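Novice: Can you read through this structure? Questions will come right after.
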Amino acid sequence: MAKTLGPVKRKFSPWTDPSAVPFIRFENITKRFGTFTAVDNLTLDIYEREFFSLLGPSGCGKTTLMRMLAGFEEPTEGRILLQGKDIRGVPPYRRPTNMMFQSYALFPHMTVEKNVAFGLEQDKLPKGEIAARVEEMLKLVKLEDFARRKPNQLSGGQRQRVALARSLAKRPQVLLLDEPLGALDKKLREETQFELMDIQTNLGLTFLIVTHDQEEAMTVSDRIAVMDKGVIVQVATPAEIYEAPNSRYVADFIGDINIMEGTVAATQSALGAHGTIRIECDGVSVSVDQECQAAVGDKVAFAVRPEKVRISPDKPVDSAVNAVHGEVWDIGYLGDFSVFIVKLDDGRVMRAAQANVSRLVDRPITFGDMVWLTWPLDAGLVLTR
Amino acid sequence: MAVAQNSDGQGKGGLGRVFVVALPYLWLVLFFVAPFFIIFKISLSDTAIALPPYTPVFEGFGAIQDFVSQLDIENYIFLTDDPLYVKAYLSSLRIAAISTMLLLLIGYPIALAMARASASIRPTLVMMVILPFWTSFLIRVYAWIGILKPDGLLTLLLQAVGLMGPEDQVQIFRTDTAVFIGIVYSYLPFMVLPLYAALEKMDNTLLEAANDLGCPPLKAFWRITFPLSLPGVIAGSMICFIPITGEFVIPDLLGGADTLMIGKTLWTEFFGNRDWPLASAVAVILLILLVIPIMIFQNQQKKVA
Amino acid sequence: MKSSRFDATVLTLGFAFLYIPIVILIIYSFNASRLVTVWGGFSLHWYQTMWSNQGLMDAAWVTARVGLLSATLGTVLGTMAAMALVRYGRFPGRMLFSGMIYAPLVMPEVITGLSMLLLFVALGVDRGFWTVVVAHTTFTMCYVAIVVQSRLLTFDRSLEEAALDLGCPPVKTFFRITLPLIFPAVIAGWMLAFTLSLDDLVIASFTTGPGATTLPIKIYSQVRLGVTPEINAICTILIGLVTIGVIIASLNTKRAELRRVHDEHMALRTPS
């Protein structure tokens, strides 16, 4: 599921540089609506030219966080710094941010042209300049031929692009995108993701995107913040989020994963070549090669992604891999992958995904087969949170 | 006073918002709420033959003691002592209740038929229900006089078709029956529209599901359609019941001398006898009677909004 | 189908009940005979006498002015009230405010009329044209508020936020975005307010004074004296005006609907 980083991505990691100054800083932000805490003492830095995603289920506070940056909500506590300046009390119409709304919020009584020009007119720019900028923007989103249409005369994809053009027209320092692609169908969504990345790189802007679609977040972002119940659970690059989730929540939220609760049985010194940590999960013993703060006796979770689990009718010979035995319970054929649901001897269920590399298989594994599931020491994860 | 809180933090918009809330707020407090206190005050004063024809009980703000000592509930005692007033209140409530039932019985089938009509003609039907409402209330009541008069069109029609001898006349005009006809006629749109609104937004697949589960159509109506239309029933009933209780024009133009309705009584006390304090007392008691229906109506509206 | 025949019967009877009295009234306005029940041939006689009846014409003029003024004032105040109710969330006294909006809708007119009158007397205001305007504004603004409120409730708030976000201050946003989009509801509210004002007998009777006799008051006093075809004539003209207004309004909505359908087709035909 991890997307390889596309050619538009560049070497860019200011967050690893301790001297880098964040462009946007959320500092101990709390937002309460009555008794409901939408955002809870949250601190987050976003850097210039970053494409940053806030990812989480609905109600996790991601939209509230974005709306506080846009100025539609004020934080109950804490402050937001934009280029080092506290922006509390600055109304939305004076903030150097622009937002692309989930509903697009195109003004239905104005043409495409007028919609895109709206923000520029507020800045009282000369007419010629506005016209030139509108033309440039419509060209950018390939809608030059639709300038005189009203929003309801456009298709969903075209509306989305008008909304993008309108929010970019003022060259905002930060562009906020609220579920920008949620209303598009899958194919169009994937195309548009790459267009967004192109535009962001070419214009050199900072993009903050709110989404509940993990694939979308992983495709477009430099970094992702995974949110849950008003707090950030993990901030990292897409690859780190996928390969090294810091908690059960993130592991479970991003992609597919097998999780088993267990206890740390032994750490490095006692295990030698058998990996760093051994975990006893109710009779199943697994070893993981991972640097970890866990001590013997700690309650932890063991996790491994299905595509890292090999399924085979034969018992593995290599004693350095983890192996469990079970019966094939169900097979999900997904085309590119097949997912095998295996009932282990103790009744627990594990999933293994196998790429369908060849159209014909000699010995297809089928329902009821007794199989071995194996994975190397560096495939699994220990989750302490 | 109304001060808009910046609940969503549009800091500088504050002044404009205060203005937007305060202007209609103050207007209503001054012209709708304050008059009720005045009406209450005047209902406690003595009748006088002057202009204004009452002796104020309460002059100046220093005279609270005077006010209390001079408080005069004689108008209320008069109202409760005189069986005519008590009868008028009871009769108003009775006429309003019966009319509301009649309106429901007549309005529900109409609203249901409208809601079941094909989507393309529904807006036309709604407009046809609203159209009479746009014509004057007074005119519509007036039209019935010509029909119901003893020598009116109804008599002529019945004579023409032979249901009535040439010397007979319809004796409806200036009776309670005429009042019921007038009320049902005038208030029908107010009953049909809320009912229609409730019935129209009902999901038709609910009835299909009920039928599919073995519930026959008539039973499905009572088990599904009617319970779901209850908000409309309550809204429509309250919108009709409350103003009908205080109705003046219809009983005055169509009712007889023995048609007792409190709106008419109040009008007579005010314009006929020029007894403002008594008229005020009549209004206060009417208001008290209607407090509960009005609260039901308000709750219903809040749920809708 | 059986139920559809039942529905058709119900609708036919229902609309016959609603319309027959009005139709009869219109027909008899063209009756040459003074007797309402005897048809004496077609005549425009009553329209002529109506036209030369100075008292009736004055009353019509007063009514029109009261209606225009109070409907306009009521629309401004009612729209503000609707904005306050829908947009401003909680503010102190909101409960009372919404109560004050809903109560006048059902309040018996005799109570509203009497209490208004007593207020004007207590304030020492001379009753006449302006007191009627104020009284009508007060109750019509509530109807406008309800009509506009129901439109605002379905209004996509992100449109306003988008305008703010693009640098448009709140007041300007209201006039450039919100008002144009809720305008049909505002117009509908105005028309409703105007008709209500035109129609009102009870509140006007209480709050009016010398020289400000409105048409309903005039009609009422004549009706009490007996039915005259002259009143049928003026009623017919009022009905005609209202019908024309409603037909124009519905043609407009129909045209808007056709345009919308056309637009949607256009959107579907173009590749995204």
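All residue names refer to the structure tokens as shown: chains lettered A, B, ... in order, residues numbered from 1 in each chain, ligands numbered from 1 in order.
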Given a cut-off of 7 Å, which residues of chain A touch chain C, counting only C-alpha atoms, written out as a PyMOL selection string?
Specialist: chain A and resi 92-94+98-99+105-107+119+122+152-155+157-158
Novice: Need the shell around Met127 in chain B: protein/DNA/RNA residues with any atom at most 12 Å away, counting only C-alpha atoms. Skip same-chain ones fewer than 3 positions apart. Format as a ChimeraX atom specification?
Specialist: /B:114,121-124,130-134,189,192-193 /C:15,243,246-247,249-251,253
Novice: Just to confirm, what's the straight-line distance from CA of Phe226 in chain B to CA of Ser186 in chain B in Å (one decimal)?
Specialist: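 Straight-line distance from CA of Phe226 in chain B to CA of Ser186 in chain B works out to 24.5 Å.
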Novice: Could you tell me how far CA of Leu44 in chain B lies from CA of Leu118 in chain C, in Å and to one decimal?
Specialist: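 Pair CA of Leu44 in chain B / CA of Leu118 in chain C returns 13.3 Å.
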Novice: Which polymer residues have any atom within 12 Å of an atom of Asn356 in chain A, counting only C-alpha atoms, with same-chain residues fewer than 3 positions away left out, as a VMD selection string?
Specialist: chain A and resid 307 332 to 339 353 359 to 361 364
Novice: Among range 137-285 of chain A, which ones does DSSP place in strand (DSSP E or B), written as number ranges by chain?
Specialist: A: 174-178, 206-211, 223-228, 231-236, 258-266, 277-281, 284-285
Novice: Would you save the residues of that selection, restricted to N, CA, C and O atoms, as a compact mmCIF listing (two decimals), in the first residue's frame?
Specialist:
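See out-v6.txt below for the written result:
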```txt
# COMPACT_ATOMS: atom_id res chain seq x y z
N VAL A 174 -0.22 30.18 2.70
CA VAL A 174 -0.57 28.81 3.03
C VAL A 174 -1.90 28.51 2.35
O VAL A 174 -2.84 29.30 2.46
N LEU A 175 -1.96 27.39 1.65
CA LEU A 175 -3.23 26.97 1.09
C LEU A 175 -3.78 25.84 1.95
O LEU A 175 -3.09 24.86 2.22
N LEU A 176 -5.02 26.03 2.39
CA LEU A 176 -5.66 25.01 3.22
C LEU A 176 -6.63 24.25 2.35
O LEU A 176 -7.44 24.85 1.63
N LEU A 177 -6.56 22.94 2.38
CA LEU A 177 -7.46 22.14 1.56
C LEU A 177 -8.24 21.19 2.46
O LEU A 177 -7.66 20.32 3.10
N ASP A 178 -9.56 21.41 2.50
CA ASP A 178 -10.42 20.60 3.36
C ASP A 178 -11.03 19.48 2.53
O ASP A 178 -11.91 19.75 1.71
N THR A 206 3.04 26.50 0.63
CA THR A 206 2.83 25.56 1.72
C THR A 206 1.39 25.08 1.65
O THR A 206 0.47 25.90 1.60
N PHE A 207 1.19 23.78 1.60
CA PHE A 207 -0.16 23.22 1.53
C PHE A 207 -0.45 22.48 2.82
O PHE A 207 0.35 21.67 3.28
N LEU A 208 -1.62 22.75 3.37
CA LEU A 208 -2.08 21.97 4.53
C LEU A 208 -3.38 21.32 4.10
O LEU A 208 -4.34 22.00 3.74
N ILE A 209 -3.41 20.01 4.14
CA ILE A 209 -4.58 19.30 3.64
C ILE A 209 -5.20 18.48 4.77
O ILE A 209 -4.49 17.88 5.58
N VAL A 210 -6.51 18.50 4.83
CA VAL A 210 -7.24 17.70 5.81
C VAL A 210 -7.90 16.56 5.05
O VAL A 210 -8.55 16.80 4.03
N THR A 211 -7.71 15.34 5.51
CA THR A 211 -8.33 14.23 4.80
C THR A 211 -8.55 13.05 5.74
O THR A 211 -7.90 12.94 6.78
N ARG A 223 4.78 15.20 4.92
CA ARG A 223 4.58 14.60 6.24
C ARG A 223 3.09 14.48 6.54
O ARG A 223 2.28 15.26 6.02
N ILE A 224 2.79 13.55 7.41
CA ILE A 224 1.41 13.33 7.81
C ILE A 224 1.33 13.43 9.33
O ILE A 224 2.20 12.92 10.03
N ALA A 225 0.28 14.09 9.82
CA ALA A 225 -0.01 14.02 11.25
C ALA A 225 -1.27 13.18 11.41
O ALA A 225 -2.31 13.53 10.86
N VAL A 226 -1.15 12.05 12.11
CA VAL A 226 -2.32 11.21 12.35
C VAL A 226 -2.97 11.68 13.64
O VAL A 226 -2.30 11.77 14.68
N MET A 227 -4.24 12.02 13.55
CA MET A 227 -4.94 12.58 14.72
C MET A 227 -6.00 11.63 15.23
O MET A 227 -6.59 10.86 14.47
N ASP A 228 -6.22 11.72 16.53
CA ASP A 228 -7.30 10.94 17.14
C ASP A 228 -7.80 11.69 18.36
O ASP A 228 -7.02 12.08 19.22
N VAL A 231 -5.95 14.89 19.59
CA VAL A 231 -4.49 14.92 19.79
C VAL A 231 -3.80 14.30 18.58
O VAL A 231 -4.40 13.53 17.83
N ILE A 232 -2.52 14.67 18.42
CA ILE A 232 -1.75 14.09 17.34
C ILE A 232 -1.08 12.82 17.87
O ILE A 232 -0.41 12.85 18.90
N VAL A 233 -1.29 11.73 17.19
CA VAL A 233 -0.70 10.48 17.65
C VAL A 233 0.70 10.30 17.07
O VAL A 233 1.61 9.84 17.75
N GLN A 234 0.88 10.68 15.83
CA GLN A 234 2.20 10.55 15.21
C GLN A 234 2.34 11.55 14.08
O GLN A 234 1.40 11.77 13.31
N VAL A 235 3.52 12.17 14.00
CA VAL A 235 3.83 13.02 12.86
C VAL A 235 5.06 12.43 12.20
O VAL A 235 6.10 12.29 12.84
N ALA A 236 4.96 12.07 10.92
CA ALA A 236 6.11 11.48 10.25
C ALA A 236 5.86 11.47 8.75
O ALA A 236 4.78 11.83 8.28
N ASN A 258 -1.91 -7.19 11.06
CA ASN A 258 -2.24 -8.19 12.08
C ASN A 258 -1.69 -7.71 13.41
O ASN A 258 -0.51 -7.34 13.49
N ILE A 259 -2.53 -7.70 14.42
CA ILE A 259 -2.05 -7.27 15.74
C ILE A 259 -2.33 -8.37 16.76
O ILE A 259 -3.44 -8.92 16.79
N MET A 260 -1.31 -8.70 17.57
CA MET A 260 -1.51 -9.66 18.66
C MET A 260 -1.00 -9.04 19.95
O MET A 260 0.10 -8.49 19.99
N GLU A 261 -1.83 -9.10 20.98
CA GLU A 261 -1.40 -8.59 22.28
C GLU A 261 -0.48 -9.61 22.94
O GLU A 261 -0.67 -10.82 22.79
N GLY A 262 0.53 -9.14 23.66
CA GLY A 262 1.44 -10.08 24.30
C GLY A 262 2.29 -9.42 25.37
O GLY A 262 2.05 -8.28 25.75
N THR A 263 3.25 -10.17 25.85
CA THR A 263 4.13 -9.71 26.91
C THR A 263 5.57 -9.89 26.45
O THR A 263 5.90 -10.90 25.80
N VAL A 264 6.42 -8.94 26.79
CA VAL A 264 7.83 -9.07 26.43
C VAL A 264 8.43 -10.20 27.27
O VAL A 264 8.35 -10.16 28.51
N ALA A 265 8.98 -11.21 26.59
CA ALA A 265 9.54 -12.37 27.30
C ALA A 265 11.04 -12.22 27.49
O ALA A 265 11.59 -12.65 28.51
N ALA A 266 11.68 -11.65 26.50
CA ALA A 266 13.13 -11.50 26.62
C ALA A 266 13.61 -10.36 25.76
O ALA A 266 12.98 -10.05 24.74
N ILE A 277 13.90 -8.66 20.41
CA ILE A 277 12.87 -8.82 21.44
C ILE A 277 12.07 -10.07 21.15
O ILE A 277 11.75 -10.35 19.99
N ARG A 278 11.76 -10.83 22.22
CA ARG A 278 10.85 -11.93 22.02
C ARG A 278 9.56 -11.63 22.79
O ARG A 278 9.59 -11.18 23.93
N ILE A 279 8.44 -11.88 22.13
CA ILE A 279 7.15 -11.60 22.76
C ILE A 279 6.34 -12.87 22.81
O ILE A 279 6.27 -13.61 21.83
N GLU A 280 5.77 -13.14 23.97
CA GLU A 280 4.86 -14.27 24.12
C GLU A 280 3.43 -13.76 23.96
O GLU A 280 2.97 -12.91 24.71
N CYS A 281 2.77 -14.28 22.93
CA CYS A 281 1.37 -13.86 22.72
C CYS A 281 0.49 -15.07 22.94
O CYS A 281 0.12 -15.76 21.97
N VAL A 284 1.85 -18.24 21.35
CA VAL A 284 2.65 -18.02 20.15
C VAL A 284 3.82 -17.14 20.54
O VAL A 284 3.64 -16.12 21.20
N SER A 285 4.99 -17.57 20.13
CA SER A 285 6.18 -16.80 20.48
C SER A 285 6.73 -16.16 19.22
O SER A 285 6.95 -16.85 18.22
```
Novice: Can you tell me, as a list of chain:residue names, what residues are no more than 8 Å from range 266-273 of chain B when counting only C-alpha atoms, ignoring any on the same chain fewer than 6 positions away?
Specialist: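 Here the qualifying residues turn out to be B:Phe248, B:Ala279, B:Val282, B:Ala283, C:Val110.
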Novice: With all heavy atoms retained, could you export that selection as a PDB file, in the first residue's frame?
Specialist:
```pdb
ATOM      1  N   PHE B 248     -62.430  37.089  15.609  1.00  0.00           N
ATOM      2  CA  PHE B 248     -63.468  38.105  15.700  1.00  0.00           C
ATOM      3  C   PHE B 248     -64.296  38.214  14.422  1.00  0.00           C
ATOM      4  O   PHE B 248     -65.523  38.201  14.458  1.00  0.00           O
ATOM      5  CB  PHE B 248     -62.851  39.471  16.033  1.00  0.00           C
ATOM      6  CG  PHE B 248     -63.754  40.610  15.708  1.00  0.00           C
ATOM      7  CD1 PHE B 248     -64.889  40.856  16.485  1.00  0.00           C
ATOM      8  CD2 PHE B 248     -63.523  41.428  14.594  1.00  0.00           C
ATOM      9  CE1 PHE B 248     -65.755  41.880  16.162  1.00  0.00           C
ATOM     10  CE2 PHE B 248     -64.397  42.455  14.280  1.00  0.00           C
ATOM     11  CZ  PHE B 248     -65.508  42.687  15.066  1.00  0.00           C
ATOM     12  N   ALA B 279     -61.908  45.278  28.706  1.00  0.00           N
ATOM     13  CA  ALA B 279     -61.396  44.648  27.490  1.00  0.00           C
ATOM     14  C   ALA B 279     -60.001  44.074  27.740  1.00  0.00           C
ATOM     15  O   ALA B 279     -59.663  42.970  27.295  1.00  0.00           O
ATOM     16  CB  ALA B 279     -61.358  45.649  26.342  1.00  0.00           C
ATOM     17  N   VAL B 282     -60.239  40.934  29.725  1.00  0.00           N
ATOM     18  CA  VAL B 282     -60.678  39.861  28.829  1.00  0.00           C
ATOM     19  C   VAL B 282     -59.474  39.317  28.055  1.00  0.00           C
ATOM     20  O   VAL B 282     -59.268  38.105  27.947  1.00  0.00           O
ATOM     21  CB  VAL B 282     -61.767  40.379  27.848  1.00  0.00           C
ATOM     22  CG1 VAL B 282     -62.026  39.353  26.756  1.00  0.00           C
ATOM     23  CG2 VAL B 282     -63.049  40.702  28.593  1.00  0.00           C
ATOM     24  N   ALA B 283     -58.651  40.233  27.538  1.00  0.00           N
ATOM     25  CA  ALA B 283     -57.476  39.831  26.753  1.00  0.00           C
ATOM     26  C   ALA B 283     -56.486  39.061  27.614  1.00  0.00           C
ATOM     27  O   ALA B 283     -55.922  38.054  27.174  1.00  0.00           O
ATOM     28  CB  ALA B 283     -56.805  41.060  26.142  1.00  0.00           C
TER      29      ALA B 283
ATOM     30  N   VAL C 110     -57.076  40.163  18.139  1.00  0.00           N
ATOM     31  CA  VAL C 110     -57.685  41.124  19.076  1.00  0.00           C
ATOM     32  C   VAL C 110     -56.714  41.465  20.199  1.00  0.00           C
ATOM     33  O   VAL C 110     -56.652  42.611  20.653  1.00  0.00           O
ATOM     34  CB  VAL C 110     -59.015  40.611  19.667  1.00  0.00           C
ATOM     35  CG1 VAL C 110     -60.129  40.729  18.643  1.00  0.00           C
ATOM     36  CG2 VAL C 110     -58.902  39.202  20.184  1.00  0.00           C
TER      37      VAL C 110
END
```
Novice: Please build the interface table for chain C against chain B with a cut-off of 7 Å, listing for each qualifying residue the nearest atom pair and the distance in Å to one decimal; count only C-alpha atoms, order rows by chain and increasing number, and write it as a tab-separated table.
Specialist:
```
residue	atom	partner	partner_atom	distance
C:Asp7	CA	B:Ala113	CA	4.7
C:Val10	CA	B:Ile110	CA	5.9
C:Leu11	CA	B:Ile110	CA	5.8
C:Gly14	CA	B:Ile110	CA	6.6
C:Leu18	CA	B:Tyr185	CA	6.7
C:Pro21	CA	B:Ala143	CA	5.6
C:Ile22	CA	B:Ala143	CA	6.5
C:Leu25	CA	B:Ala143	CA	5.8
C:Val36	CA	B:Gly146	CA	6.9
C:Thr37	CA	B:Gly152	CA	5.9
C:Leu77	CA	B:Pro24	CA	5.4
C:Met80	CA	B:Val20	CA	5.4
C:Ala81	CA	B:Pro24	CA	5.7
C:Ala84	CA	B:Val21	CA	5.3
C:Tyr88	CA	B:Ala4	CA	6.5
C:Phe91	CA	B:Ala4	CA	5.1
C:Pro92	CA	B:Ala2	CA	5.4
C:Gly93	CA	B:Ala2	CA	6.2
C:Phe97	CA	B:Tyr25	CA	6.5
C:Gly99	CA	B:Gln298	CA	6.9
C:Met100	CA	B:Leu28	CA	6.6
C:Tyr102	CA	B:Gln298	CA	6.4
C:Ala103	CA	B:Ile294	CA	6.9
C:Val106	CA	B:Pro243	CA	5.5
C:Met107	CA	B:Pro243	CA	6.0
C:Pro108	CA	B:Pro243	CA	4.5
C:Val110	CA	B:Gly263	CA	6.2
C:Ile111	CA	B:Ala283	CA	5.7
C:Ser115	CA	B:Pro35	CA	4.8
C:Met116	CA	B:Pro35	CA	5.8
C:Leu118	CA	B:Ile39	CA	6.6
C:Leu119	CA	B:Pro35	CA	5.2
C:Thr138	CA	B:Phe31	CA	6.7
C:Pro170	CA	B:Gly13	CA	6.2
C:Thr195	CA	B:Trp134	CA	6.3
C:Asp199	CA	B:Ser136	CA	5.0
C:Cys235	CA	B:Ile139	CA	6.4
C:Ile239	CA	B:Thr135	CA	5.6
C:Val242	CA	B:Trp134	CA	6.6
```
Novice: From a DSSP pass on the backbone, collect the residues of range 254-360 of chain A flagged as helix (DSSP H, G or I) and hand them back as a ChimeraX atom specification.
Specialist: /A:268-271,306-308
Novice: Counting only C-alpha atoms, which residues from chain A have an atom at most 6 Å from any atom of chain B, and could you show them as a short mmCIF file (atom, residue, chain, number, x, y, z; two decimals) with N, CA and C atoms, in the first residue's frame?
Specialist:
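The resulting file, iface23.cif, is shown below:
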```cif
data_model
loop_
_atom_site.label_atom_id
_atom_site.label_comp_id
_atom_site.auth_asym_id
_atom_site.auth_seq_id
_atom_site.Cartn_x
_atom_site.Cartn_y
_atom_site.Cartn_z
N GLU A 73 -12.35 29.86 13.53
CA GLU A 73 -12.50 29.57 14.95
C GLU A 73 -11.27 30.16 15.64
N GLU A 74 -11.47 30.56 16.90
CA GLU A 74 -10.31 30.99 17.70
C GLU A 74 -10.01 29.89 18.70
N PRO A 91 -8.98 38.59 11.78
CA PRO A 91 -10.14 37.95 11.17
C PRO A 91 -9.76 37.22 9.89
#
```
Novice: CA of Leu206 in chain B and CA of Leu105 in chain B are how many Å apart?
Specialist: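 Answer for the CA of Leu206 in chain B to CA of Leu105 in chain B separation: 23.7 Å.
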Novice: Need to verify the contact set: Phe12 in chain A, 12 Å, only C-alpha atoms, exclusion of same-chain residues closer than 2 positions in sequence. Can you return it as number ranges by chain?
Specialist: A: 8-10, 14-17, 47-51, 201, 221-223, 237
